[in-house]
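Structure file my_file29.pdb (PDB, C-alpha atoms, pLDDT in the B column) follows.
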ATOM      1  CA  MET A 227     -63.039  61.783 -81.870  1.00 76.00           C
ATOM      2  CA  ASN A 228     -59.839  61.575 -83.837  1.00 75.00           C
ATOM      3  CA  GLN A 229     -56.800  59.367 -83.267  1.00 76.00           C
ATOM      4  CA  ASP A 230     -54.824  62.054 -81.412  1.00 81.00           C
ATOM      5  CA  GLN A 231     -57.673  62.580 -78.946  1.00 83.00           C
ATOM      6  CA  PHE A 232     -58.064  58.831 -78.486  1.00 83.00           C
ATOM      7  CA  GLN A 233     -54.369  58.410 -77.770  1.00 83.00           C
ATOM      8  CA  GLY A 234     -54.345  61.406 -75.426  1.00 84.00           C
ATOM      9  CA  GLN A 235     -57.224  60.005 -73.378  1.00 87.00           C
ATOM     10  CA  TRP A 236     -56.092  56.370 -73.508  1.00 89.00           C
ATOM     11  CA  LYS A 237     -56.046  55.894 -69.744  1.00 86.00           C
ATOM     12  CA  GLN A 238     -59.718  56.887 -69.587  1.00 87.00           C
ATOM     13  CA  PHE A 239     -60.733  54.543 -72.423  1.00 87.00           C
ATOM     14  CA  LYS A 240     -58.537  51.592 -71.513  1.00 91.00           C
ATOM     15  CA  GLY A 241     -61.135  49.808 -69.384  1.00 90.00           C
ATOM     16  CA  ASN A 242     -63.872  50.325 -71.942  1.00 91.00           C
ATOM     17  CA  VAL A 243     -61.648  49.024 -74.743  1.00 94.00           C
ATOM     18  CA  GLN A 244     -60.820  45.944 -72.702  1.00 92.00           C
ATOM     19  CA  LYS A 245     -64.526  45.448 -71.982  1.00 93.00           C
ATOM     20  CA  ASN A 246     -65.307  45.708 -75.702  1.00 94.00           C
ATOM     21  CA  TRP A 247     -62.513  43.293 -76.698  1.00 97.00           C
ATOM     22  CA  GLY A 248     -62.357  41.007 -73.681  1.00 96.00           C
ATOM     23  CA  LYS A 249     -59.537  38.830 -74.982  1.00 97.00           C
ATOM     24  CA  LEU A 250     -57.101  41.724 -74.660  1.00 96.00           C
ATOM     25  CA  THR A 251     -54.951  41.343 -71.555  1.00 95.00           C
ATOM     26  CA  ASP A 252     -53.531  44.043 -69.295  1.00 93.00           C
ATOM     27  CA  ASP A 253     -50.164  43.477 -70.986  1.00 95.00           C
ATOM     28  CA  ASP A 254     -51.804  44.033 -74.377  1.00 96.00           C
ATOM     29  CA  MET A 255     -53.362  47.241 -73.112  1.00 94.00           C
ATOM     30  CA  ASP A 256     -49.984  48.481 -71.866  1.00 93.00           C
ATOM     31  CA  LYS A 257     -48.421  47.757 -75.267  1.00 94.00           C
ATOM     32  CA  ILE A 258     -51.243  49.469 -77.169  1.00 94.00           C
ATOM     33  CA  GLU A 259     -50.854  52.793 -75.306  1.00 92.00           C
ATOM     34  CA  GLY A 260     -53.667  54.352 -77.333  1.00 90.00           C
ATOM     35  CA  ARG A 261     -52.061  53.651 -80.704  1.00 93.00           C
ATOM     36  CA  ARG A 262     -54.720  52.664 -83.215  1.00 93.00           C
ATOM     37  CA  GLU A 263     -52.459  50.520 -85.375  1.00 94.00           C
ATOM     38  CA  VAL A 264     -51.296  48.466 -82.385  1.00 96.00           C
ATOM     39  CA  LEU A 265     -54.899  48.010 -81.209  1.00 96.00           C
ATOM     40  CA  VAL A 266     -55.853  46.807 -84.691  1.00 97.00           C
ATOM     41  CA  GLY A 267     -52.951  44.353 -84.682  1.00 97.00           C
ATOM     42  CA  LYS A 268     -53.870  42.972 -81.264  1.00 97.00           C
ATOM     43  CA  ILE A 269     -57.498  42.499 -82.341  1.00 98.00           C
ATOM     44  CA  GLN A 270     -56.295  40.649 -85.442  1.00 98.00           C
ATOM     45  CA  GLU A 271     -54.036  38.445 -83.343  1.00 97.00           C
ATOM     46  CA  LYS A 272     -56.522  37.644 -80.559  1.00 97.00           C
ATOM     47  CA  TYR A 273     -59.670  37.312 -82.671  1.00 97.00           C
ATOM     48  CA  GLY A 274     -58.266  36.033 -85.973  1.00 97.00           C
ATOM     49  CA  LYS A 275     -59.772  38.907 -87.950  1.00 97.00           C
ATOM     50  CA  ALA A 276     -58.609  40.371 -91.222  1.00 98.00           C
ATOM     51  CA  LYS A 277     -56.867  43.739 -91.005  1.00 97.00           C
ATOM     52  CA  ASP A 278     -59.718  45.535 -92.778  1.00 97.00           C
ATOM     53  CA  GLU A 279     -62.296  44.053 -90.415  1.00 98.00           C
ATOM     54  CA  ALA A 280     -60.268  44.949 -87.314  1.00 97.00           C
ATOM     55  CA  GLU A 281     -59.678  48.487 -88.613  1.00 96.00           C
ATOM     56  CA  GLU A 282     -63.395  48.942 -89.230  1.00 97.00           C
ATOM     57  CA  GLU A 283     -64.226  47.745 -85.699  1.00 96.00           C
ATOM     58  CA  VAL A 284     -61.712  50.152 -84.168  1.00 94.00           C
ATOM     59  CA  ASP A 285     -62.903  53.070 -86.312  1.00 93.00           C
ATOM     60  CA  ASN A 286     -66.518  52.349 -85.388  1.00 94.00           C
ATOM     61  CA  TYR A 287     -65.587  52.149 -81.730  1.00 91.00           C
ATOM     62  CA  ILE A 288     -63.626  55.438 -81.808  1.00 87.00           C
ATOM     63  CA  SER A 289     -66.476  57.200 -83.604  1.00 88.00           C
ATOM     64  CA  THR A 290     -68.835  56.340 -80.728  1.00 86.00           C
ATOM     65  CA  LEU A 291     -66.626  58.040 -78.142  1.00 79.00           C
TER      66      LEU A 291
END
Could the structure of this file be written out as structure tokens, please?
Amino acid sequence: MNQDQFQGQWKQFKGNVQKNWGKLTDDDMDKIEGRREVLVGKIQEKYGKAKDEAEEEVDNYISTL
């Protein structure tokens, strides 16, 4: 699944994303709106991860969808 597909189906994936990264709030999810770069930033902020590590997690997650 590519980024455009992920963004287009965000409402379907929202709950699963929040389950995967439980520290993300409903407000965070509303701000993310399926945008990969915002999701990466929120994961960095909430989990204290480096950008590369957060990007890898998101890419791995998207590839499993």
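Closest to A:Glu263 among A:Val243, A:Asp285, A:Leu291, A:Thr251 is A:Asp285, based on all atoms listed in the file.
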Worksheet item: So, counting all atoms listed in the file, which residue among A:Asp256, A:Ile288, A:Leu265, A:Trp247 is closest to A:Gln231?
Response: A:Ile288
What's the 12 Å shell around stretch 273-280 of chain A, counting only C-alpha atoms, without same-chain residues fewer than 2 positions away, as a PDB file with C-alpha atoms, in the coordinates of the input?
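part-v3.pdb written:
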ATOM      1  CA  TRP A 247     -62.513  43.293 -76.698  1.00 97.00           C
ATOM      2  CA  GLY A 248     -62.357  41.007 -73.681  1.00 96.00           C
ATOM      3  CA  LYS A 249     -59.537  38.830 -74.982  1.00 97.00           C
ATOM      4  CA  LEU A 250     -57.101  41.724 -74.660  1.00 96.00           C
ATOM      5  CA  ARG A 262     -54.720  52.664 -83.215  1.00 93.00           C
ATOM      6  CA  GLU A 263     -52.459  50.520 -85.375  1.00 94.00           C
ATOM      7  CA  VAL A 264     -51.296  48.466 -82.385  1.00 96.00           C
ATOM      8  CA  LEU A 265     -54.899  48.010 -81.209  1.00 96.00           C
ATOM      9  CA  VAL A 266     -55.853  46.807 -84.691  1.00 97.00           C
ATOM     10  CA  GLY A 267     -52.951  44.353 -84.682  1.00 97.00           C
ATOM     11  CA  LYS A 268     -53.870  42.972 -81.264  1.00 97.00           C
ATOM     12  CA  ILE A 269     -57.498  42.499 -82.341  1.00 98.00           C
ATOM     13  CA  GLN A 270     -56.295  40.649 -85.442  1.00 98.00           C
ATOM     14  CA  GLU A 271     -54.036  38.445 -83.343  1.00 97.00           C
ATOM     15  CA  GLU A 282     -63.395  48.942 -89.230  1.00 97.00           C
ATOM     16  CA  GLU A 283     -64.226  47.745 -85.699  1.00 96.00           C
ATOM     17  CA  VAL A 284     -61.712  50.152 -84.168  1.00 94.00           C
ATOM     18  CA  ASP A 285     -62.903  53.070 -86.312  1.00 93.00           C
ATOM     19  CA  ASN A 286     -66.518  52.349 -85.388  1.00 94.00           C
ATOM     20  CA  TYR A 287     -65.587  52.149 -81.730  1.00 91.00           C
TER      21      TYR A 287
END
Work out where the centre of an axis-aligned box around every listed atom of stretch 229-246 of chain A lies and how long its edges are once 3 Å is added on each side; give both in Å to one decimal as AutoDock Vina command-line options.
--center_x -59.8 --center_y 54.0 --center_z -76.3 --size_x 17.0 --size_y 23.1 --size_z 19.9
Worksheet item: Taking into account all atoms listed in the file, which residue in the set A:Gly260, A:Glu281, A:Met227, A:Ser289 is nearest to A:Phe239?
Response: A:Gly260
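Each of A:Gln238, A:Gln233, A:Asn228, A:Gln244 was compared to A:Thr290 using only C-alpha atoms, and A:Asn228 turns out to be the nearest.
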Discussion item. Rounded to one decimal, what separation in Å do you get between atom CA of A:Glu259 and atom CA of A:Lys272?
Written reply: 17.0 Å
